Each structure stands twice: as structure tokens, then as C-alpha cells.
$ cat protein.txt   # compact mmCIF, C-alpha atoms
# COMPACT_ATOMS: atom_id res chain seq x y z
CA MET Q 892 99.09 10.68 30.94
CA GLY Q 893 101.90 8.26 29.95
CA LEU Q 894 102.94 6.78 26.60
CA GLY Q 895 101.45 3.41 27.59
CA VAL Q 896 97.99 4.94 28.03
CA LEU Q 897 98.28 6.74 24.70
CA ALA Q 898 99.30 3.51 22.97
CA VAL Q 899 96.21 1.79 24.35
CA ILE Q 900 94.00 4.62 23.04
CA CYS Q 901 95.55 4.46 19.59
CA LEU Q 902 95.17 0.67 19.54
CA VAL Q 903 91.48 0.96 20.43
CA LEU Q 904 90.85 3.69 17.86
CA LEU Q 905 92.87 2.32 14.96
CA GLY Q 906 92.49 -1.40 15.54
CA ASP Q 907 88.69 -1.65 15.55
CA THR Q 908 87.71 -5.00 14.00
CA GLY Q 909 84.00 -4.09 13.77
CA ILE Q 910 84.53 -1.72 10.85
CA ASP Q 911 86.60 -4.37 9.07
CA SER Q 912 83.80 -6.95 9.28
CA LEU Q 913 81.29 -4.38 8.00
CA ASP Q 914 83.63 -3.55 5.13
CA VAL Q 915 83.86 -7.25 4.24
CA ARG Q 916 80.05 -7.60 4.30
CA LEU Q 917 79.68 -4.50 2.13
CA GLU Q 918 82.07 -5.97 -0.44
CA GLN Q 919 80.30 -9.35 -0.36
CA THR Q 920 76.90 -7.77 -1.04
CA ARG Q 921 78.40 -5.69 -3.86
CA LEU Q 922 79.89 -8.78 -5.53
CA TYR Q 923 76.61 -10.68 -5.09
CA LEU Q 924 74.72 -7.82 -6.75
CA GLU Q 925 77.16 -7.87 -9.68
CA GLU Q 926 76.69 -11.64 -9.97
CA LEU Q 927 72.89 -11.23 -10.12
CA GLU Q 928 73.21 -8.65 -12.88
CA SER Q 929 75.72 -10.72 -14.87
CA ARG Q 930 73.37 -13.70 -15.00
CA GLN Q 931 70.40 -11.41 -15.70
CA ALA Q 932 68.47 -12.42 -12.61
CA SER Q 933 64.85 -11.43 -12.11
CA SER Q 934 63.96 -7.90 -11.02
CA GLU Q 935 62.76 -9.29 -7.69
CA GLU Q 936 66.15 -10.92 -6.98
CA ILE Q 937 68.02 -7.75 -7.96
CA LEU Q 938 65.77 -5.65 -5.71
CA LEU Q 939 66.50 -7.99 -2.80
CA GLY Q 940 70.22 -7.78 -3.62
CA ILE Q 941 70.09 -3.98 -3.64
CA HIS Q 942 68.24 -4.06 -0.32
CA GLU Q 943 71.01 -6.19 1.23
CA HIS Q 944 73.68 -3.91 -0.23
CA LEU Q 945 71.94 -0.81 1.11
CA GLY Q 946 71.73 -2.38 4.56
CA ALA Q 947 75.45 -3.15 4.51
CA ALA Q 948 76.29 0.35 3.24
CA ARG Q 949 74.19 2.02 5.94
CA GLY Q 950 75.76 -0.15 8.64
CA TYR Q 951 79.23 0.70 7.33
CA TYR Q 952 78.42 4.43 7.17
CA ASN Q 953 76.91 4.50 10.68
CA GLU Q 954 79.93 2.69 12.14
CA LEU Q 955 82.28 5.15 10.44
CA ALA Q 956 80.29 8.05 11.87
CA ALA Q 957 80.39 6.55 15.37
CA ARG Q 958 84.10 5.85 15.06
CA GLU Q 959 84.79 9.42 13.91
CA ALA Q 960 82.83 10.77 16.88
CA ARG Q 961 84.86 8.63 19.30
CA ILE Q 962 88.17 9.76 17.78
CA THR Q 963 87.09 13.41 17.82
CA MET Q 964 86.16 13.20 21.52
CA ASP Q 965 89.46 11.51 22.40
CA ILE Q 966 91.44 14.08 20.43
CA HIS Q 967 89.64 16.85 22.31
CA SER Q 968 90.40 15.16 25.64
CA ILE Q 969 94.09 14.65 24.80
CA ASP Q 970 94.35 18.23 23.54
CA GLN Q 971 92.94 19.54 26.83
CA ARG Q 972 95.39 17.40 28.81
CA TRP Q 973 98.26 18.63 26.68
CA PHE Q 974 97.23 22.26 27.20
CA LEU Q 975 96.98 21.86 30.98
CA THR Q 976 100.27 19.94 31.20
CA ASP Q 977 102.09 22.43 28.98
CA SER Q 978 100.79 25.35 31.03
CA ALA Q 979 101.88 23.66 34.27
CA ARG Q 980 105.28 22.82 32.78
CA ALA Q 981 105.86 26.40 31.66
CA GLU Q 982 104.81 27.76 35.05
CA LEU Q 983 106.96 25.24 36.93
CA GLU Q 984 109.97 25.88 34.69
CA THR Q 985 109.74 29.62 35.32
CA GLY Q 986 109.40 29.07 39.08
CA VAL Q 987 112.39 26.71 39.25
CA GLU Q 988 114.60 29.10 37.29
CA GLU Q 989 113.70 31.94 39.66
CA TYR Q 990 114.30 29.69 42.67
CA ILE Q 991 117.76 28.62 41.47
CA LEU Q 992 118.71 32.24 40.85
CA PHE Q 993 117.50 33.08 44.35
CA LEU Q 994 119.56 30.29 45.94
CA TYR Q 995 122.82 31.11 44.23
CA SER Q 996 122.39 34.83 44.63
CA HIS Q 997 122.07 34.32 48.43
CA ARG Q 998 125.08 31.99 48.43
CA ARG Q 999 127.20 34.80 47.00
CA LEU Q 1000 125.91 37.24 49.66
CA VAL Q 1001 127.50 35.32 52.57
CA GLY Q 1002 130.15 37.71 54.19
CA SER Q 1003 133.17 37.27 56.53
CA SER Q 1004 131.16 38.45 59.51
CA VAL Q 1005 128.98 35.40 59.20
CA LEU Q 1006 131.95 33.04 58.93
CA PHE Q 1007 133.80 34.45 61.99
CA ALA Q 1008 130.79 34.72 64.22
CA PRO Q 1009 130.41 32.07 66.98
CA GLY Q 1010 129.13 28.89 65.26
CA GLY Q 1011 129.14 30.73 61.95
CA ILE Q 1012 131.12 28.12 60.03
CA SER Q 1013 128.86 25.29 61.11
CA ARG Q 1014 125.80 27.32 60.29
CA TYR Q 1015 127.35 28.24 56.93
CA LEU Q 1016 128.13 24.62 56.13
CA ARG Q 1017 124.62 23.49 57.11
CA ARG Q 1018 123.12 26.26 55.00
CA MET Q 1019 125.35 25.32 52.04
CA CYS Q 1020 124.36 21.63 52.34
CA PHE Q 1021 120.71 22.59 52.48
CA MET Q 1022 121.06 24.89 49.48
CA ASP Q 1023 122.88 22.16 47.54
CA HIS Q 1024 120.04 19.76 48.37
CA LEU Q 1025 117.50 22.29 47.14
CA ALA Q 1026 119.55 22.85 43.97
CA GLU Q 1027 119.73 19.10 43.27
CA SER Q 1028 115.97 18.84 43.84
CA ALA Q 1029 115.38 21.72 41.44
CA ILE Q 1030 117.63 20.05 38.82
CA THR Q 1031 115.69 16.80 39.22
CA ARG Q 1032 112.44 18.65 38.72
CA MET Q 1033 113.88 20.36 35.64
CA GLN Q 1034 114.88 16.97 34.21
CA TYR Q 1035 111.36 15.69 34.85
CA LEU Q 1036 109.99 18.74 33.05
CA GLU Q 1037 112.24 18.02 30.07
CA GLN Q 1038 110.99 14.42 29.96
CA SER Q 1039 107.45 15.70 30.28
CA GLY Q 1040 108.10 18.03 27.34
CA ASP Q 1041 109.38 15.11 25.25
CA SER Q 1042 106.28 13.10 26.16
CA LEU Q 1043 104.05 16.02 25.21
CA SER Q 1044 105.83 16.26 21.88
CA GLU Q 1045 105.12 12.59 21.28
CA TYR Q 1046 101.51 13.17 22.30
CA ARG Q 1047 101.29 15.93 19.73
CA ASP Q 1048 102.65 13.60 17.03
CA SER Q 1049 100.06 11.00 18.01
CA LEU Q 1050 97.37 13.65 17.81
CA GLU Q 1051 98.46 14.43 14.26
CA ILE Q 1052 98.11 10.74 13.39
CA LEU Q 1053 94.61 10.69 14.85
CA VAL Q 1054 93.67 13.82 12.93
CA GLU Q 1055 94.85 12.18 9.70
CA ASP Q 1056 92.84 9.08 10.57
CA VAL Q 1057 89.75 11.26 11.02
CA ARG Q 1058 90.38 12.81 7.60
CA VAL Q 1059 90.57 9.33 6.02
CA LEU Q 1060 87.36 8.37 7.82
CA ARG Q 1061 85.60 11.40 6.40
CA VAL Q 1062 86.60 10.41 2.88
CA GLN Q 1063 85.36 6.86 3.50
CA MET Q 1064 82.11 8.17 4.96
CA GLU Q 1065 81.52 10.42 1.96
CA ALA Q 1066 82.16 7.49 -0.39
CA ALA Q 1067 79.82 5.24 1.60
CA GLN Q 1068 77.09 7.88 1.67
CA GLU Q 1069 77.46 8.46 -2.06
CA ARG Q 1070 77.12 4.73 -2.63
CA ILE Q 1071 73.94 4.71 -0.54
CA TYR Q 1072 72.50 7.57 -2.61
CA ARG Q 1073 73.31 5.78 -5.88
CA GLU Q 1074 71.85 2.47 -4.74
CA GLU Q 1075 68.68 4.12 -3.41
CA GLU Q 1076 68.23 5.97 -6.72
CA ARG Q 1077 68.85 2.75 -8.60
CA GLN Q 1078 66.40 0.86 -6.39
CA THR Q 1079 63.75 3.53 -7.02
CA LEU Q 1080 64.27 3.33 -10.79
CA LEU Q 1081 64.18 -0.47 -10.70
CA ARG Q 1082 60.97 -0.45 -8.65
CA GLN Q 1083 59.40 1.98 -11.11
CA SER Q 1084 60.48 -0.28 -13.98
CA LEU Q 1085 59.14 -3.33 -12.14
CA GLU Q 1086 55.82 -1.60 -11.49
CA SER Q 1087 55.65 -0.75 -15.20
CA ASP Q 1088 56.44 -4.39 -16.07
CA ILE Q 1089 53.75 -5.58 -13.66
CA ALA Q 1090 51.22 -3.23 -15.25
CA ALA Q 1091 52.22 -4.51 -18.71
CA ALA Q 1092 51.98 -8.10 -17.47
CA ARG Q 1093 48.49 -7.42 -16.14
CA ASP Q 1094 47.49 -5.91 -19.48
CA SER Q 1095 48.95 -8.96 -21.20
CA ALA Q 1096 47.08 -11.28 -18.83
CA ASP Q 1097 43.85 -9.40 -19.56
CA ALA Q 1098 44.50 -9.75 -23.29
CA ILE Q 1099 45.22 -13.47 -22.89
CA GLU Q 1100 41.99 -13.92 -20.96
CA GLN Q 1101 40.06 -12.00 -23.61
CA ARG Q 1102 41.50 -14.19 -26.38
CA ARG Q 1103 40.75 -17.31 -24.34
CA GLN Q 1104 37.12 -16.27 -24.07
CA GLN Q 1105 37.05 -15.47 -27.78
CA LEU Q 1106 38.44 -18.90 -28.63
CA SER Q 1107 35.94 -20.58 -26.32
CA ALA Q 1108 33.05 -18.71 -27.88
CA PHE Q 1109 34.42 -19.41 -31.34
CA VAL Q 1110 34.69 -23.17 -30.78
CA THR Q 1111 31.22 -23.27 -29.21
CA THR Q 1112 29.56 -21.53 -32.15
CA LEU Q 1113 31.78 -23.01 -34.84
CA ARG Q 1114 29.80 -26.26 -35.21
CA SER Q 1115 26.62 -24.42 -36.18
CA SER Q 1116 28.43 -22.87 -39.14
CA VAL Q 1117 29.26 -26.26 -40.70
CA SER Q 1118 26.62 -27.04 -43.30
CA THR Q 1119 26.59 -30.83 -43.23
CA SER Q 1120 23.75 -33.03 -42.04
CA SER Q 1121 26.07 -35.95 -41.37
CA ILE Q 1122 27.34 -34.43 -38.10
CA PRO Q 1123 25.45 -35.81 -35.09
CA PRO Q 1124 24.22 -33.61 -32.22
CA VAL Q 1125 26.44 -32.37 -29.40
CA ASP Q 1126 25.23 -34.95 -26.84
CA ILE Q 1127 28.03 -37.02 -25.26
CA SER Q 1128 28.10 -40.53 -26.70
CA ALA Q 1129 28.55 -43.51 -24.42
CA THR Q 1130 31.17 -44.78 -26.87
CA ALA Q 1131 33.01 -41.48 -27.29
CA TYR Q 1132 36.56 -42.20 -28.43
CA LEU Q 1133 38.32 -39.92 -25.93
CA ALA Q 1134 36.12 -41.13 -23.06
CA VAL Q 1135 36.64 -44.83 -23.85
CA ASN Q 1136 40.42 -44.31 -24.28
CA ARG Q 1137 40.78 -41.88 -21.40
CA GLY Q 1138 44.35 -42.08 -20.05
CA SER Q 1139 45.75 -43.86 -23.11
CA VAL Q 1140 45.19 -41.39 -25.95
CA ASN Q 1141 48.27 -40.77 -28.08
CA TRP Q 1142 49.98 -37.37 -27.73
CA PRO Q 1143 49.68 -35.02 -30.71
CA VAL Q 1144 53.44 -34.49 -30.46
CA ARG Q 1145 56.11 -35.68 -28.02
CA GLY Q 1146 57.62 -32.93 -25.93
CA THR Q 1147 57.59 -31.07 -22.63
CA ILE Q 1148 54.61 -29.36 -21.00
CA ILE Q 1149 55.63 -25.72 -20.45
CA ARG Q 1150 52.15 -24.38 -19.62
CA GLY Q 1151 49.62 -26.54 -17.85
CA PHE Q 1152 45.84 -26.54 -17.75
CA GLY Q 1153 43.93 -24.14 -15.52
CA LEU Q 1154 45.00 -21.21 -13.35
CA ASP Q 1155 48.64 -20.08 -13.37
CA GLN Q 1156 50.32 -17.29 -11.39
CA ASP Q 1157 53.42 -15.50 -12.66
CA PRO Q 1158 56.18 -15.87 -9.99
CA VAL Q 1159 57.58 -12.37 -10.64
CA TYR Q 1160 54.58 -10.17 -11.45
CA GLY Q 1161 51.88 -12.08 -9.55
CA THR Q 1162 49.46 -11.92 -12.48
CA GLU Q 1163 47.01 -14.80 -12.95
CA THR Q 1164 46.00 -16.34 -16.26
CA ILE Q 1165 43.77 -19.27 -17.16
CA SER Q 1166 44.63 -21.79 -19.84
CA ASP Q 1167 41.96 -24.08 -21.34
CA GLY Q 1168 44.64 -26.41 -22.66
CA VAL Q 1169 48.34 -27.29 -22.47
CA SER Q 1170 51.37 -25.97 -24.35
CA ILE Q 1171 53.82 -28.66 -25.49
CA ALA Q 1172 57.38 -27.63 -26.44
CA VAL Q 1173 59.48 -29.91 -28.65
CA ALA Q 1174 63.21 -30.31 -29.14
CA GLY Q 1175 64.59 -28.98 -32.39
CA ASN Q 1176 63.01 -26.59 -34.87
CA SER Q 1177 59.81 -28.49 -35.66
CA ALA Q 1178 57.95 -31.80 -35.31
CA ARG Q 1179 54.90 -33.50 -36.79
CA VAL Q 1180 51.54 -32.85 -35.10
CA SER Q 1181 48.88 -35.61 -35.29
CA THR Q 1182 45.21 -35.88 -34.29
CA ILE Q 1183 44.41 -37.46 -30.93
CA GLY Q 1184 41.28 -39.16 -32.28
CA PRO Q 1185 39.02 -39.49 -35.37
CA GLY Q 1186 36.71 -36.67 -36.41
CA VAL Q 1187 35.86 -33.91 -38.88
CA VAL Q 1188 37.88 -30.70 -39.37
CA LEU Q 1189 35.67 -27.72 -38.49
CA TYR Q 1190 38.38 -25.06 -38.85
CA ALA Q 1191 41.87 -24.95 -40.40
CA ARG Q 1192 43.42 -21.49 -40.77
CA GLU Q 1193 44.85 -18.55 -38.81
CA PHE Q 1194 43.05 -17.43 -35.64
CA LEU Q 1195 43.96 -14.24 -33.72
CA ASN Q 1196 47.36 -14.72 -32.05
CA MET Q 1197 46.99 -18.52 -31.92
CA GLY Q 1198 48.79 -18.87 -35.23
CA ARG Q 1199 47.56 -21.60 -37.58
CA MET Q 1200 44.81 -23.53 -35.79
CA VAL Q 1201 42.78 -26.69 -36.37
CA VAL Q 1202 39.48 -27.40 -34.62
CA LEU Q 1203 38.41 -31.05 -34.78
CA ASP Q 1204 34.89 -32.33 -34.01
CA HIS Q 1205 35.10 -35.95 -32.83
CA LEU Q 1206 31.37 -36.39 -33.54
CA ASP Q 1207 30.65 -37.71 -30.05
CA GLY Q 1208 30.38 -34.52 -27.98
CA TYR Q 1209 34.19 -33.98 -27.80
CA TYR Q 1210 36.24 -31.38 -29.64
CA SER Q 1211 40.04 -30.92 -29.82
CA VAL Q 1212 41.91 -27.75 -30.73
CA TYR Q 1213 45.50 -27.64 -32.09
CA ALA Q 1214 47.06 -24.16 -32.26
CA HIS Q 1215 50.43 -22.43 -32.88
CA LEU Q 1216 51.06 -24.72 -35.85
CA GLY Q 1217 53.76 -23.83 -38.35
CA SER Q 1218 51.94 -25.43 -41.28
CA LEU Q 1219 48.58 -27.07 -42.07
CA GLU Q 1220 48.05 -30.34 -43.95
CA VAL Q 1221 44.23 -30.59 -43.62
CA ASP Q 1222 41.28 -28.55 -44.85
CA ARG Q 1223 37.92 -27.65 -43.40
CA GLY Q 1224 35.32 -30.42 -43.76
CA GLU Q 1225 37.98 -33.14 -44.12
CA THR Q 1226 37.47 -36.41 -42.22
CA VAL Q 1227 40.54 -37.63 -40.33
CA ASN Q 1228 41.50 -40.70 -38.28
CA SER Q 1229 43.35 -40.98 -35.00
CA GLY Q 1230 47.00 -40.18 -35.65
CA SER Q 1231 46.33 -38.31 -38.93
CA PHE Q 1232 48.96 -35.72 -39.87
CA LEU Q 1233 47.70 -32.18 -39.19
CA GLY Q 1234 50.84 -30.13 -39.82
CA MET Q 1235 54.14 -29.11 -38.25
CA THR Q 1236 54.74 -27.38 -34.93
CA GLY Q 1237 55.14 -23.61 -34.92
CA SER Q 1238 56.34 -21.00 -32.43
CA LEU Q 1239 54.83 -20.91 -28.95
CA PRO Q 1240 54.71 -17.70 -26.87
CA GLY Q 1241 58.30 -17.29 -25.76
CA GLY Q 1242 59.79 -18.54 -29.02
CA ARG Q 1243 60.06 -22.31 -28.41
CA SER Q 1244 58.84 -24.70 -31.07
CA GLY Q 1245 55.69 -26.63 -30.14
CA CYS Q 1246 51.91 -26.62 -30.25
CA TYR Q 1247 48.88 -25.93 -28.06
CA LEU Q 1248 46.31 -28.68 -27.36
CA GLU Q 1249 42.83 -28.16 -25.97
CA ILE Q 1250 40.09 -30.75 -25.36
CA ARG Q 1251 36.43 -29.75 -24.88
CA ARG Q 1252 33.67 -32.01 -23.57
CA ALA Q 1253 30.16 -30.76 -24.41
CA GLY Q 1254 31.67 -27.36 -25.04
CA GLN Q 1255 33.54 -27.15 -21.71
CA PRO Q 1256 37.38 -27.35 -21.52
CA VAL Q 1257 38.85 -30.36 -19.69
CA ASN Q 1258 42.43 -31.13 -18.71
CA PRO Q 1259 44.11 -32.90 -21.67
CA LEU Q 1260 46.58 -34.64 -19.36
CA GLU Q 1261 43.71 -36.71 -17.95
CA TYR Q 1262 43.19 -38.20 -21.42
CA LEU Q 1263 46.71 -38.50 -22.82
CA GLU Q 1264 48.79 -41.58 -22.09

$ encode --input "protein.txt" --output "C-alpha cells"
Amino acid sequence: MGLGVLAVICLVLLGDTGIDSLDVRLEQTRLYLEELESRQASSEEILLGIHEHLGAARGYYNELAAREARITMDIHSIDQRWFLTDSARAELETGVEEYILFLYSHRRLVGSSVLFAPGGISRYLRRMCFMDHLAESAITRMQYLEQSGDSLSEYRDSLEILVEDVRVLRVQMEAAQERIYREEERQTLLRQSLESDIAAARDSADAIEQRRQQLSAFVTTLRSSVSTSSIPPVDISATAYLAVNRGSVNWPVRGTIIRGFGLDQDPVYGTETISDGVSIAVAGNSARVSTIGPGVVLYAREFLNMGRMVVLDHLDGYYSVYAHLGSLEVDRGETVNSGSFLGMTGSLPGGRSGCYLEIRRAGQPVNPLEYLE
């Protein structure tokens, strides 16, 4: 095994670009998760971010484990080669030393009888040339063994580098595995918290539905509690104000619809709630709230969690409800005109200033947006 082969092995082991790309992805997912938390993203987004980060961490950890296994196998292979080569070198070195001693010991044993025998000088010279050739060959082999020893020493140094690289990999793997444990624990806690939030949201949705039904029943039975014979029956009049002016009725207050009419599903918790009216948010702290048509005030006071509420009978089969008011400027039994001042906006669920508007036709809720201009 030459130095060139060893250099190629080290380049393959230490220059792996796959682990670098995984490390970059792991850092990107970590930064993205921090960004989600800093802007207080939804639990669903954070869970998805943790999922991505866990995937990157597992990929990074698995690649480190595979890389460590490859390095360990290569170190074992190089160590075996070094052992075999070192054993062969030691054996060859011993054999060459013994051979050289044998050659020169026989050179010294050549006597005068050999030199003065017929053809003895020529035989002696041929033997000496042959012995010199063998000695030079032995020296060459010894030089090769010395070079081989130097190469083996360099191999050993390279092995030490690989061992250190394995140690660094183990530290990285432990850190990656610890990160995976922390993120999995965090994901479990967040899921438990999210499940608790979903349960609370469902309870809240049930409470909202219960209050909606209570309000509906209250408005339906409210008219019978008004002791005045001037109020006509509930039948829908052909000249009902809201029906005649459908699509052009003035808004009770100018603002933004933040909760529409009908069924609504929470994007995070998946809970469904029904609204019999619309919630209108206004800019600023408060604004004036006006009637959307003429009628008689059936109710003007607090009601459950709807805040201050006004129920208006339009005397033609239509009713309108104004809730979450901050103040009231009308009393029960008072006759009002279209655009009459009812009070100021109050606090909607969520804290924004505004009011809730509901329109009922023959006791049934209808979409106010179909009537407003």
C-alpha cells in the first residue's frame, strides 16, 4: 500500500460533502424554528418546524454513524496491512542480516590451497563477483525495507489522524442525538399543550353555542314580555322596512367584519362555531352605534357575556340585536327612528372595539350583510 493510496482514502473519509450539506440543512431548520418562535407563530407551524428539524437531525446523525462505521472499517483494514507488512519486514531484515554474515564469513574462509589450485584464481574471482552481486542485492533490499519502514511510520501517523477524526465524530453524534432527544421531548410537550388548547377551544365553542341558543330563545320570547297593545303581531309585513330597503340599509357603525354570519371553523383547533350575526370592529377606542331601522326597544341592559345589549322590534316581523356595547343611550319601551343613537361601541371577544349585529326575520336569524349597503 503506497502513500498515494492512503491519501485517496483520507480524502474520501475526511472530504465527504454529504455530511456538510446535512449540517447546513440542520442549521437552516434550527434558524427557521427560532424565527417561528420569535414571531410567536401558531402551535401548528411550530410543530411542523420541529418535525423538519427532527428530520434534519436524524439525517445528520445517521450520516455521522455511517461515516464512523466506514472510517472504523478502513482503520481496521490499514492496521491489518501494517501488521502484515511489519511482520514481513522484520522477518526479511533478519534473513538479510544472516545472509550477509554468511557471505562474508565464507569470503574470509578462502585459503591458499584454493588460490593455487588449477583454475583456482578464476574460480575465486568469479565467486567473489557473485558474492559482491549478492551483497549489493541484499543492500538494495535493506534500503527498500528502510523505505518501507518509513512508509509504515507515515501510515501509523495517518491512522492516528483517522482515530482522532472518529473521536470528533463521536462527539458530534452524541450532540446530534441529544438534540434529537430534546426536540422530541419538546414536540411531545407542545402536542400535549396543543391537545389541551384544542379541548379548551371545544369547550369554548360549546359555551358559545349554548349562549347563542340562549340569546335566540331570549329574543324569541322577549316580545311576549312587553306589555303594550300597540305592538302588531309577528307576521311579516309587505312593507317591512328592512325588506323594502334590503341591500341599502345603513350600517350601525362603520368598520371591518371580523366574524361573519353562519358556520366558522378555527384554522388551528378545527372547532366549529355558528354565529347568528356579524361582529364589526372599528378603528380607535370607540364609535357611535345607530339603529338600522325604526322600531321599539324591547331590551336595553347587560345580557350574559354579550355585554350591554339592545333588542329592537321593527314592528313588521323583523328584529335587530346590537351587543357588546360600551354604553347605552336608550331605554326599554322607547320608540326610535332609523339612525337613532343607541350607544358607543364596546369590547368584542379578542379585545378590539366594535359591536355585534344580528337581524331576525320572523324569529329566524338572517345574514345582515344581505341587508346592509

$ closest_residue --input "protein.txt" --among "Q:Glu1076, Q:Glu936, Q:Asp1167, Q:Glu1193" --to "Ser1211 (chain Q)" --atoms "only C-alpha atoms"
Q:Asp1167

$ atom_distance --input "protein.txt" --atom1 "CA of Val1227 (chain Q)" --atom2 "CA of Gly1186 (chain Q)"
5.6 Å

$ residues_near_point --input "protein.txt" --point "(43.5, -24.2, -42.9)" --cutoff "8 Å" --atoms "only C-alpha atoms" --output "PyMOL selection string"
chain Q and resi 1190-1193+1199-1201+1219-1223

$ atom_distance --input "protein.txt" --atom1 "CA of Thr985 (chain Q)" --atom2 "CA of Tyr1035 (chain Q)"
14.0 Å

$ closest_atom_pairs --input "protein.txt" --of "region 1193-1251 of chain Q" --to "region 1126-1141 of chain Q" --cutoff "9 Å" --atoms "only C-alpha atoms" --output "JSON lines"
{"residue": "Q:His1205", "atom": "CA", "partner": "Q:Tyr1132", "partner_atom": "CA", "distance": 7.8}
{"residue": "Q:Leu1206", "atom": "CA", "partner": "Q:Ala1131", "partner_atom": "CA", "distance": 8.2}
{"residue": "Q:Asp1207", "atom": "CA", "partner": "Q:Ser1128", "partner_atom": "CA", "distance": 5.1}
{"residue": "Q:Gly1208", "atom": "CA", "partner": "Q:Ile1127", "partner_atom": "CA", "distance": 4.4}
{"residue": "Q:Tyr1209", "atom": "CA", "partner": "Q:Ile1127", "partner_atom": "CA", "distance": 7.3}
{"residue": "Q:Ser1229", "atom": "CA", "partner": "Q:Asn1141", "partner_atom": "CA", "distance": 8.5}
{"residue": "Q:Gly1230", "atom": "CA", "partner": "Q:Asn1141", "partner_atom": "CA", "distance": 7.7}

$ residues_near_point --input "protein.txt" --point "(55.3, -32.7, -38.0)" --cutoff "10 Å" --atoms "all atoms listed in the file" --output "PyMOL selection string"
chain Q and resi 1143-1144+1177-1181+1216-1220+1232-1237+1245

$ axis_aligned_box --input "protein.txt" --around "region 1200-1218 of chain Q" --padding-each-side "4 Å" --output "lines of an AutoDock Vina configuration file"
center_x = 42.1
center_y = -30.1
center_z = -34.5
size_x = 31.4
size_y = 23.3
size_z = 21.5

$ closest_residue --input "protein.txt" --among "Q:Glu954, Q:Gln1034, Q:Gly1198, Q:Ile941" --to "Leu922 (chain Q)" --atoms "all atoms listed in the file"
Q:Ile941

$ atom_distance --input "protein.txt" --atom1 "CA of Gly1146 (chain Q)" --atom2 "CA of Thr1164 (chain Q)"
22.4 Å

$ residues_around --input "protein.txt" --residues "Leu1189 (chain Q)" --least-positions-apart "3" --cutoff "6 Å" --atoms "all atoms listed in the file" --output "PyMOL selection string"
chain Q and resi 1202-1203+1223-1224
